[in-house]
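Right, one structure below, let's go through it.
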Amino acid sequence: MSTVVSSADTRRAGAGPREDARAQAAGPKPARLSPGRVGIYAFLIVSALFFLIPLYIMVVTSLKGMPEIRLGHLFNLPSEVTFKPWSDAWLHACTGRDCFGLSPGFMNSVKITIPSVILSILIGSINGYALSFWRYKGANLLFGILLFGAFVPYQVVIYPLIIGFRIMGIYSTLTCIIIVHTIFGMPILTLLYRNFYAGLPIELFKAARVDGAGFWKTFFYVMVPMSVPITIVAVIIQVTGIWNDFLFGIIFSGRPNWPMTVQLNNIVNTTTGVREYNVNMAATILTAAVPLAIYFISGRWFVRGIAAGAVKG
Amino acid sequence: MARTRRRFNYSAVIGTIPMILVAVGVFVIGIAFTFFWSFTSSKLFPAYDFVGLRQYYRLWASDRWLVSVSNIWIYGLLTIGGNMVFGFLLAVFMDQKIHAEDLLRSIFLYPFAMSLIVTGLVWQWALDPNLGLQSAMHHWGWASFKFAPLVDVNTAIYGLVVAGIWQGSGVSMAIMLAGLRGIDSEIWKAAKVDGIPPWRTYLFIALPMMRGALATAFVLQCVSVVRVYDLIIAMTGGGPGISTNMPAVYVIDMITSSQNVGQGMAAATMMLVPIILLLSIVGIVGWRRRVRAEAGA
């Protein structure tokens, strides 16, 4: 998730979960159930099936026993529902030598995600605030570099980071992975908050200044309370992004701290012996559960997060 | 943004120390080091001897890298093309005052909420040659049905494309639908009065008017294509053989298991080239538009 956005977009992103009045279907008004209408629905339903089928086979596979899976009826409902794959995936599935299932990975992901989200949002909002109201000489250049960084493939900076963290002596630790997520969340969050604060009335800032509030006081007493809507968007972007991360987790967190995605991949792809497809699918659903829950609960906010993460040409 | 006058304030500088460190330390010095190490013979640890372009010669003579580059083209063109076309079609069909629009939007977009690892594993299972889609179709009596791309060296990359489109087309749809809805409703009325059929209105009037949304979706897709890593690791692991290697996989492999840092840094530098090209094009187009707008005004 990366990148640049016009201030109009972000302001809308912060405007609340309701659609504005303009966002109504603008297409030609249809007649009732003409062949054309049938065609439209047919296309949409077939597309919806394409998107839903993987979810469906994930769920049914995870509820079947292995003998039934070996029959090769991918789409059949389980003849006998079993929850054993789910408990196996959570508690007993093996990643290499250890057989504790996904639960340690889940805990690691929580331990990585919560501090990373808080730290990255705190820093991103201070950056955005400084860039909107306290622009010092060279600040815009820094911001430009940061935006460029949003487009840089991670592979380009990963090795220098590894060396840097080694020198500091924190490579392969929880601190390390939290810092890495904070670094790579910074471009998008700074942009998000900068555009949000740029849309606030300047009088607000001036009033605080007249009352004698400085940089920090204005931020904590005036800006932070006003930033709730944009912070919801930021939290959604960061929680899903960090939870879903694999690359940084495997490189920077170190084996004892591997997040859930890394452990999931190890459970599925490095098994020696018989592959238990039902356990694999249960583990996959468990890993996807947190971001999916956020997605379905947050609804339109999530779409706004994407719009905010989108590049404006 | 001319409304804030520049005032120097120590608190502002102190508050943005993390930004200064990241912008300069990671994105300037970091990239500089990557570039520098690409001219050295670094193996497991960084070396500081200068070997000229040797790493680049070796890179472009490596089969694995050449396969990676051709893969990124195949994968990139097909997924970006697929996501743009499919996303546009979905957006147009969603724009027909249909029922259950919110439900359909949720369905089209949910794959994007999930990790690419999850996407890769699900499709790996769905495309399993013995127990997946292919065998299910055989059991349903379609004995000649063949779709198990992942096990064949020549077709594995197309399996990745399917997963890429499944994951990414919903995003294009969401961005383009927003673009469509941003078009003035008077345009539609005028087109209708003139008797222009709806499909032509969409293709020749609406499409050019939603340039912004198209560019947004396109750049987003490009960035994610250059970065594609998790999906490959989860779905094929780069195989069978080296058939689904990609530049991102090549770089990570060089700096970890292959312990050939110089080579990895040369490959990483090459990954930066298309991004810089793309950004320059976007920058130049934006600049020219601004110049033209000023000239017009």
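So you can find residues: chains in the structure tokens are A, B, ... in the order shown, residues in each start at 1, and ligands are numbered from 1 in order.
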Handout entry: Nearby residues (only C-alpha atoms) at most 10 Å from stretch 236-251 of chain B, same-chain spacing under 6 positions excluded, as a ChimeraX atom specification
Key = /A:153-156,158-159,269 /B:63-73,75,120-121,124,150-160,225-230,258,260-261,263-271
Show me a table, sorted first by chain and then by increasing residue number, of the residues of stretch 56-120 of chain A having an atom at most 9 Å from stretch 286-295 of chain A, each with its shortest atom pair and the distance in Å to one decimal, counting only C-alpha atoms and written as a tab-separated table.
residue	atom	partner	partner_atom	distance
A:Trp86	CA	A:Leu286	CA	8.4
A:Ala89	CA	A:Leu286	CA	8.4
A:Trp90	CA	A:Leu286	CA	8.1
A:Leu102	CA	A:Thr287	CA	8.4
A:Phe106	CA	A:Thr287	CA	7.9
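Atom pair atom CA of B:Val122 / atom CA of B:Ile80: separated by 21.0 Å.
Nearest residue to chain A, choosing from B:Leu133, B:Val162, B:Ala47, B:Ile74 and counting only C-alpha atoms: B:Leu133.
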Problem - Sel. of alpha helix (DSSP H) residues, stretch 39-119 of chain A, as a PyMOL selection string - result: chain A and resi 39-62+66-69+84-87+103-119
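Using only C-alpha atoms, the residues found no farther than 10 Å from stretch 175-177 of chain A, other than those of its own chain fewer than 2 positions away, are Ile112, Thr113, Pro115, Ser116, Leu161, Ile162, Phe165, Arg166, Met168, Gly169, Ile170, Tyr171, Ser172, Thr173, Ile179, Val180, His181, Thr182, Ile183, Phe248, Gly249, Ile250, Ile251, Phe252, Ser253, Gly254, Asn257 and Trp258 of chain A.
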Could you please take those selected residues and save C-alpha atoms as an mmCIF file, in the first residue's frame?
data_model
loop_
_atom_site.group_PDB
_atom_site.id
_atom_site.type_symbol
_atom_site.label_atom_id
_atom_site.label_comp_id
_atom_site.auth_asym_id
_atom_site.auth_seq_id
_atom_site.Cartn_x
_atom_site.Cartn_y
_atom_site.Cartn_z
ATOM 1 C CA ILE A 112 4.207 -6.701 16.199
ATOM 2 C CA THR A 113 1.034 -5.029 14.975
ATOM 3 C CA PRO A 115 3.111 -1.125 18.774
ATOM 4 C CA SER A 116 3.848 -0.657 15.054
ATOM 5 C CA LEU A 161 18.598 -1.712 6.545
ATOM 6 C CA ILE A 162 19.806 -5.162 7.579
ATOM 7 C CA PHE A 165 20.268 -2.791 12.270
ATOM 8 C CA ARG A 166 23.189 -5.198 12.673
ATOM 9 C CA MET A 168 22.932 -1.053 16.058
ATOM 10 C CA GLY A 169 22.731 -4.571 17.453
ATOM 11 C CA ILE A 170 18.965 -4.933 17.156
ATOM 12 C CA TYR A 171 18.693 -6.998 13.974
ATOM 13 C CA SER A 172 16.183 -9.874 14.262
ATOM 14 C CA THR A 173 14.309 -8.520 17.251
ATOM 15 C CA ILE A 179 10.899 0.122 13.444
ATOM 16 C CA VAL A 180 10.765 -1.354 9.938
ATOM 17 C CA HIS A 181 6.959 -1.164 9.837
ATOM 18 C CA THR A 182 7.153 2.393 11.136
ATOM 19 C CA ILE A 183 9.613 3.329 8.388
ATOM 20 C CA PHE A 248 9.540 -7.766 6.495
ATOM 21 C CA GLY A 249 8.422 -10.344 9.017
ATOM 22 C CA ILE A 250 10.611 -13.089 7.633
ATOM 23 C CA ILE A 251 13.663 -10.857 7.222
ATOM 24 C CA PHE A 252 13.603 -8.504 10.200
ATOM 25 C CA SER A 253 11.701 -10.128 13.057
ATOM 26 C CA GLY A 254 13.859 -13.181 13.765
ATOM 27 C CA ASN A 257 9.044 -13.476 16.553
ATOM 28 C CA TRP A 258 7.866 -14.679 13.151
#
Practice task
Write out as a list in words the residues lying within 6 Å of B:Phe27, counting only C-alpha atoms and excluding same-chain residues fewer than 4 positions away.
Solution key: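 In the requested format, the answer is Gly149 of chain A; Ala23 and Ile31 of chain B.
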Excluding B:Thr119 and residues on its chain fewer than 4 positions from it, collect all residues at most 8 Å away from it, counting only C-alpha atoms, and give them as a tab-separated table (two decimals) with N, CA and C atoms, in the first residue's frame.
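Below you can see out.tsv, which holds the result:
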chain	number	residue	atom	x	y	z
B	111	PRO	N	-10.92	-9.87	-1.48
B	111	PRO	CA	-9.60	-10.49	-1.59
B	111	PRO	C	-8.47	-9.51	-1.30
B	114	MET	N	-6.99	-9.40	2.18
B	114	MET	CA	-6.24	-10.54	2.71
B	114	MET	C	-4.78	-10.48	2.27
B	115	SER	N	-3.96	-11.17	3.02
B	115	SER	CA	-2.54	-11.24	2.70
B	115	SER	C	-2.33	-11.95	1.36
B	123	TRP	N	-5.12	-20.32	-3.96
B	123	TRP	CA	-5.09	-20.67	-5.38
B	123	TRP	C	-4.20	-21.87	-5.64
B	163	ALA	N	-4.39	-15.56	-9.98
B	163	ALA	CA	-4.46	-15.13	-8.59
B	163	ALA	C	-4.29	-13.62	-8.47
B	167	GLN	N	-7.01	-11.04	-6.88
B	167	GLN	CA	-6.71	-10.20	-5.73
B	167	GLN	C	-6.89	-8.72	-6.03
B	231	LEU	N	3.18	-13.44	-3.10
B	231	LEU	CA	2.31	-14.31	-3.90
B	231	LEU	C	3.10	-15.47	-4.49
Exercise for the section: Kindly indicate which residue among B:Tyr57, B:Phe35, B:Gly170, B:Arg181 lies nearest to B:Tyr202, using only C-alpha atoms for the distances. Expected result: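 For B:Tyr202, the nearest of the candidates is B:Arg181.
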Just the residues within 12 Å of B:Asn130, please, counting only C-alpha atoms, with nothing from its chain fewer than 5 positions along; format it as a PDB file with N, CA, C and O atoms, in the first residue's frame.
ATOM      1  N   ILE A  69     -11.214 -35.651   1.374  1.00  0.00           N
ATOM      2  CA  ILE A  69     -10.525 -34.745   0.462  1.00  0.00           C
ATOM      3  C   ILE A  69      -9.846 -35.520  -0.659  1.00  0.00           C
ATOM      4  O   ILE A  69      -9.869 -35.113  -1.819  1.00  0.00           O
ATOM      5  N   ARG A  70      -9.296 -36.712  -0.314  1.00  0.00           N
ATOM      6  CA  ARG A  70      -8.579 -37.494  -1.325  1.00  0.00           C
ATOM      7  C   ARG A  70      -9.485 -37.998  -2.440  1.00  0.00           C
ATOM      8  O   ARG A  70      -9.006 -38.428  -3.478  1.00  0.00           O
ATOM      9  N   LEU A  71     -10.804 -37.939  -2.244  1.00  0.00           N
ATOM     10  CA  LEU A  71     -11.713 -38.348  -3.315  1.00  0.00           C
ATOM     11  C   LEU A  71     -11.712 -37.318  -4.438  1.00  0.00           C
ATOM     12  O   LEU A  71     -12.125 -37.603  -5.556  1.00  0.00           O
ATOM     13  N   GLY A  72     -11.281 -36.104  -4.149  1.00  0.00           N
ATOM     14  CA  GLY A  72     -11.139 -35.115  -5.212  1.00  0.00           C
ATOM     15  C   GLY A  72     -12.401 -34.361  -5.577  1.00  0.00           C
ATOM     16  O   GLY A  72     -12.467 -33.740  -6.628  1.00  0.00           O
ATOM     17  N   HIS A  73     -13.426 -34.396  -4.708  1.00  0.00           N
ATOM     18  CA  HIS A  73     -14.636 -33.607  -4.987  1.00  0.00           C
ATOM     19  C   HIS A  73     -14.480 -32.242  -4.327  1.00  0.00           C
ATOM     20  O   HIS A  73     -14.988 -32.001  -3.243  1.00  0.00           O
ATOM     21  N   LEU A  74     -13.785 -31.350  -5.018  1.00  0.00           N
ATOM     22  CA  LEU A  74     -13.417 -30.067  -4.430  1.00  0.00           C
ATOM     23  C   LEU A  74     -14.621 -29.259  -3.962  1.00  0.00           C
ATOM     24  O   LEU A  74     -14.590 -28.625  -2.908  1.00  0.00           O
TER      25      LEU A  74
ATOM     26  N   GLN B 124      -3.163 -22.017  -4.828  1.00  0.00           N
ATOM     27  CA  GLN B 124      -2.347 -23.218  -4.953  1.00  0.00           C
ATOM     28  C   GLN B 124      -3.220 -24.459  -4.739  1.00  0.00           C
ATOM     29  O   GLN B 124      -3.122 -25.434  -5.467  1.00  0.00           O
ATOM     30  N   TRP B 125      -4.118 -24.373  -3.754  1.00  0.00           N
ATOM     31  CA  TRP B 125      -5.006 -25.497  -3.464  1.00  0.00           C
ATOM     32  C   TRP B 125      -6.055 -25.646  -4.555  1.00  0.00           C
ATOM     33  O   TRP B 125      -6.311 -26.743  -5.042  1.00  0.00           O
ATOM     34  N   SER B 135      -9.698 -31.932 -11.012  1.00  0.00           N
ATOM     35  CA  SER B 135     -10.294 -33.226 -10.670  1.00  0.00           C
ATOM     36  C   SER B 135     -11.782 -33.071 -10.388  1.00  0.00           C
ATOM     37  O   SER B 135     -12.584 -33.941 -10.728  1.00  0.00           O
ATOM     38  N   ALA B 136     -12.186 -31.930  -9.818  1.00  0.00           N
ATOM     39  CA  ALA B 136     -13.612 -31.724  -9.560  1.00  0.00           C
ATOM     40  C   ALA B 136     -14.391 -31.731 -10.872  1.00  0.00           C
ATOM     41  O   ALA B 136     -15.469 -32.323 -10.972  1.00  0.00           O
ATOM     42  N   MET B 137     -13.813 -31.081 -11.888  1.00  0.00           N
ATOM     43  CA  MET B 137     -14.483 -31.045 -13.189  1.00  0.00           C
ATOM     44  C   MET B 137     -14.550 -32.451 -13.799  1.00  0.00           C
ATOM     45  O   MET B 137     -15.554 -32.833 -14.393  1.00  0.00           O
ATOM     46  N   HIS B 138     -13.486 -33.223 -13.617  1.00  0.00           N
ATOM     47  CA  HIS B 138     -13.498 -34.594 -14.134  1.00  0.00           C
ATOM     48  C   HIS B 138     -14.600 -35.393 -13.468  1.00  0.00           C
ATOM     49  O   HIS B 138     -15.314 -36.156 -14.115  1.00  0.00           O
ATOM     50  N   HIS B 139     -14.760 -35.200 -12.147  1.00  0.00           N
ATOM     51  CA  HIS B 139     -15.805 -35.948 -11.441  1.00  0.00           C
ATOM     52  C   HIS B 139     -17.191 -35.538 -11.908  1.00  0.00           C
ATOM     53  O   HIS B 139     -18.129 -36.299 -11.820  1.00  0.00           O
ATOM     54  N   LYS B 146      -8.865 -29.396 -18.673  1.00  0.00           N
ATOM     55  CA  LYS B 146      -7.478 -29.323 -18.214  1.00  0.00           C
ATOM     56  C   LYS B 146      -7.194 -27.920 -17.704  1.00  0.00           C
ATOM     57  O   LYS B 146      -7.228 -26.961 -18.471  1.00  0.00           O
ATOM     58  N   PHE B 147      -6.985 -27.770 -16.419  1.00  0.00           N
ATOM     59  CA  PHE B 147      -6.527 -26.481 -15.920  1.00  0.00           C
ATOM     60  C   PHE B 147      -5.738 -26.700 -14.641  1.00  0.00           C
ATOM     61  O   PHE B 147      -6.286 -26.686 -13.549  1.00  0.00           O
ATOM     62  N   ALA B 148      -4.473 -26.998 -14.798  1.00  0.00           N
ATOM     63  CA  ALA B 148      -3.585 -27.147 -13.648  1.00  0.00           C
ATOM     64  C   ALA B 148      -2.257 -26.489 -14.005  1.00  0.00           C
ATOM     65  O   ALA B 148      -1.233 -27.139 -14.147  1.00  0.00           O
ATOM     66  N   LEU B 150      -0.043 -24.711 -12.528  1.00  0.00           N
ATOM     67  CA  LEU B 150       1.105 -24.523 -11.636  1.00  0.00           C
ATOM     68  C   LEU B 150       2.165 -25.611 -11.744  1.00  0.00           C
ATOM     69  O   LEU B 150       3.305 -25.402 -11.364  1.00  0.00           O
ATOM     70  N   VAL B 151       1.809 -26.791 -12.260  1.00  0.00           N
ATOM     71  CA  VAL B 151       2.788 -27.873 -12.285  1.00  0.00           C
ATOM     72  C   VAL B 151       3.596 -27.910 -13.572  1.00  0.00           C
ATOM     73  O   VAL B 151       4.529 -28.686 -13.711  1.00  0.00           O
TER      74      VAL B 151
END
Handout entry: Non-local contacts of B:Trp199 (12 Å; only C-alpha atoms; under 2 positions in same chain excluded) as a ChimeraX atom specification
Key = /A:27-28,36 /B:89,92-93,96,188,191-192,195-197,201-207
Write the residues of the preceding selection, restricted to all heavy atoms, as a short mmCIF file (atom, residue, chain, number, x, y, z; two decimals), in the first residue's frame.
data_model
loop_
_atom_site.label_atom_id
_atom_site.label_comp_id
_atom_site.auth_asym_id
_atom_site.auth_seq_id
_atom_site.Cartn_x
_atom_site.Cartn_y
_atom_site.Cartn_z
N GLY A 27 -25.39 6.41 -14.35
CA GLY A 27 -25.67 5.75 -15.62
C GLY A 27 -27.07 6.02 -16.11
O GLY A 27 -27.91 6.56 -15.39
N PRO A 28 -27.35 5.63 -17.36
CA PRO A 28 -28.69 5.83 -17.90
C PRO A 28 -29.70 5.02 -17.11
O PRO A 28 -29.42 3.93 -16.64
CB PRO A 28 -28.56 5.31 -19.34
CG PRO A 28 -27.33 4.48 -19.37
CD PRO A 28 -26.43 4.99 -18.30
N GLY A 36 -31.19 -6.68 -21.58
CA GLY A 36 -29.97 -6.01 -21.15
C GLY A 36 -29.78 -6.10 -19.65
O GLY A 36 -28.67 -6.36 -19.17
N LEU B 89 -14.95 -2.98 -16.51
CA LEU B 89 -16.24 -3.63 -16.80
C LEU B 89 -17.08 -3.74 -15.53
O LEU B 89 -18.27 -3.39 -15.54
CB LEU B 89 -16.00 -5.03 -17.38
CG LEU B 89 -15.52 -5.07 -18.83
CD1 LEU B 89 -15.23 -6.50 -19.26
CD2 LEU B 89 -16.57 -4.45 -19.74
N VAL B 92 -18.49 -0.35 -14.65
CA VAL B 92 -19.59 0.05 -15.53
C VAL B 92 -20.87 -0.71 -15.18
O VAL B 92 -21.94 -0.13 -15.06
CB VAL B 92 -19.22 -0.17 -17.02
CG1 VAL B 92 -20.43 -0.02 -17.91
CG2 VAL B 92 -18.12 0.80 -17.43
N PHE B 93 -20.73 -2.02 -14.98
CA PHE B 93 -21.92 -2.81 -14.66
C PHE B 93 -22.47 -2.45 -13.29
O PHE B 93 -23.67 -2.51 -13.07
CB PHE B 93 -21.60 -4.31 -14.75
CG PHE B 93 -21.58 -4.83 -16.15
CD1 PHE B 93 -20.54 -4.50 -17.02
CD2 PHE B 93 -22.60 -5.64 -16.64
CE1 PHE B 93 -20.52 -4.95 -18.32
CE2 PHE B 93 -22.59 -6.10 -17.94
CZ PHE B 93 -21.54 -5.76 -18.79
N GLN B 96 -25.08 0.61 -13.02
CA GLN B 96 -26.38 0.52 -13.70
C GLN B 96 -27.56 0.51 -12.74
O GLN B 96 -28.57 -0.11 -13.00
CB GLN B 96 -26.43 -0.73 -14.59
CG GLN B 96 -25.28 -0.83 -15.58
CD GLN B 96 -25.19 0.39 -16.48
OE1 GLN B 96 -26.19 0.85 -17.01
NE2 GLN B 96 -23.99 0.93 -16.60
N TRP B 188 -24.33 12.81 -19.02
CA TRP B 188 -25.14 11.64 -19.37
C TRP B 188 -26.44 12.07 -20.03
O TRP B 188 -26.86 11.49 -21.03
CB TRP B 188 -25.46 10.82 -18.12
CG TRP B 188 -24.23 10.27 -17.50
CD1 TRP B 188 -23.61 10.74 -16.38
CD2 TRP B 188 -23.45 9.17 -17.97
NE1 TRP B 188 -22.48 10.00 -16.13
CE2 TRP B 188 -22.37 9.03 -17.08
CE3 TRP B 188 -23.57 8.30 -19.05
CZ2 TRP B 188 -21.41 8.04 -17.24
CZ3 TRP B 188 -22.62 7.31 -19.20
CH2 TRP B 188 -21.55 7.20 -18.31
N ALA B 191 -25.76 13.18 -23.57
CA ALA B 191 -25.49 12.04 -24.45
C ALA B 191 -26.78 11.33 -24.81
O ALA B 191 -26.97 10.88 -25.94
CB ALA B 191 -24.51 11.08 -23.77
N LYS B 192 -27.67 11.25 -23.82
CA LYS B 192 -28.93 10.55 -24.07
C LYS B 192 -29.78 11.35 -25.05
O LYS B 192 -30.39 10.78 -25.96
CB LYS B 192 -29.68 10.37 -22.74
CG LYS B 192 -30.58 9.14 -22.75
CD LYS B 192 -31.20 8.91 -21.40
CE LYS B 192 -32.12 7.71 -21.49
NZ LYS B 192 -32.93 7.60 -20.27
N GLY B 195 -28.94 10.85 -28.44
CA GLY B 195 -29.20 9.50 -28.93
C GLY B 195 -27.96 8.64 -29.04
O GLY B 195 -27.89 7.72 -29.84
N ILE B 196 -26.95 8.92 -28.24
CA ILE B 196 -25.74 8.09 -28.26
C ILE B 196 -25.99 6.84 -27.42
O ILE B 196 -26.41 6.96 -26.27
CB ILE B 196 -24.54 8.87 -27.70
CG1 ILE B 196 -24.32 10.14 -28.52
CG2 ILE B 196 -23.28 8.01 -27.70
CD1 ILE B 196 -23.33 11.11 -27.92
N PRO B 197 -25.74 5.65 -27.95
CA PRO B 197 -25.98 4.43 -27.15
C PRO B 197 -25.06 4.39 -25.93
O PRO B 197 -23.93 4.87 -26.01
CB PRO B 197 -25.65 3.29 -28.12
CG PRO B 197 -24.87 3.91 -29.22
CD PRO B 197 -25.28 5.33 -29.31
N THR B 201 -21.25 5.94 -24.98
CA THR B 201 -21.06 7.00 -23.99
C THR B 201 -19.97 6.61 -23.00
O THR B 201 -19.09 7.41 -22.69
CB THR B 201 -22.38 7.24 -23.21
OG1 THR B 201 -23.45 7.28 -24.14
CG2 THR B 201 -22.30 8.54 -22.43
N TYR B 202 -20.01 5.35 -22.55
CA TYR B 202 -19.00 4.89 -21.60
C TYR B 202 -17.61 4.90 -22.22
O TYR B 202 -16.65 5.38 -21.63
CB TYR B 202 -19.34 3.48 -21.11
CG TYR B 202 -20.28 3.47 -19.94
CD1 TYR B 202 -21.58 3.05 -20.06
CD2 TYR B 202 -19.84 3.92 -18.69
CE1 TYR B 202 -22.45 3.07 -18.99
CE2 TYR B 202 -20.70 3.95 -17.62
CZ TYR B 202 -22.01 3.51 -17.77
OH TYR B 202 -22.84 3.55 -16.70
N LEU B 203 -17.53 4.35 -23.43
CA LEU B 203 -16.22 4.13 -24.03
C LEU B 203 -15.58 5.42 -24.54
O LEU B 203 -14.39 5.66 -24.33
CB LEU B 203 -16.38 3.13 -25.19
CG LEU B 203 -15.26 2.12 -25.37
CD1 LEU B 203 -15.02 1.38 -24.06
CD2 LEU B 203 -15.62 1.13 -26.47
N PHE B 204 -16.38 6.28 -25.16
CA PHE B 204 -15.78 7.45 -25.83
C PHE B 204 -15.98 8.76 -25.08
O PHE B 204 -15.34 9.74 -25.38
CB PHE B 204 -16.33 7.57 -27.25
CG PHE B 204 -15.99 6.37 -28.09
CD1 PHE B 204 -16.98 5.52 -28.56
CD2 PHE B 204 -14.66 6.08 -28.41
CE1 PHE B 204 -16.67 4.41 -29.32
CE2 PHE B 204 -14.35 4.98 -29.17
CZ PHE B 204 -15.34 4.13 -29.62
N ILE B 205 -16.91 8.79 -24.12
CA ILE B 205 -17.11 10.03 -23.37
C ILE B 205 -16.65 9.87 -21.92
O ILE B 205 -15.83 10.64 -21.43
CB ILE B 205 -18.59 10.48 -23.42
CG1 ILE B 205 -18.98 10.74 -24.88
CG2 ILE B 205 -18.77 11.74 -22.58
CD1 ILE B 205 -20.45 11.02 -25.09
N ALA B 206 -17.14 8.81 -21.24
CA ALA B 206 -16.82 8.65 -19.83
C ALA B 206 -15.34 8.27 -19.63
O ALA B 206 -14.65 8.84 -18.80
CB ALA B 206 -17.72 7.60 -19.20
N LEU B 207 -14.87 7.32 -20.42
CA LEU B 207 -13.51 6.81 -20.24
C LEU B 207 -12.46 7.93 -20.30
O LEU B 207 -11.62 8.03 -19.41
CB LEU B 207 -13.23 5.70 -21.26
CG LEU B 207 -12.10 4.73 -20.91
CD1 LEU B 207 -12.35 4.03 -19.60
CD2 LEU B 207 -11.95 3.69 -22.01
#
Practice task
Tell me which of A:Phe50, A:Trp243, A:Tyr41, A:Phe196 sits closest to B:Ala126, counting only C-alpha atoms.
Solution key: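 Closest to B:Ala126, using only C-alpha atoms: A:Phe50.
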Practice task
Go through A:Ala139, A:Ser109, A:Tyr56, A:Leu44 one by one, measure the shortest atom-to-atom distance of each to B:Val24 using only C-alpha atoms, and give the residue with the smallest value.
Solution key: A:Ala139
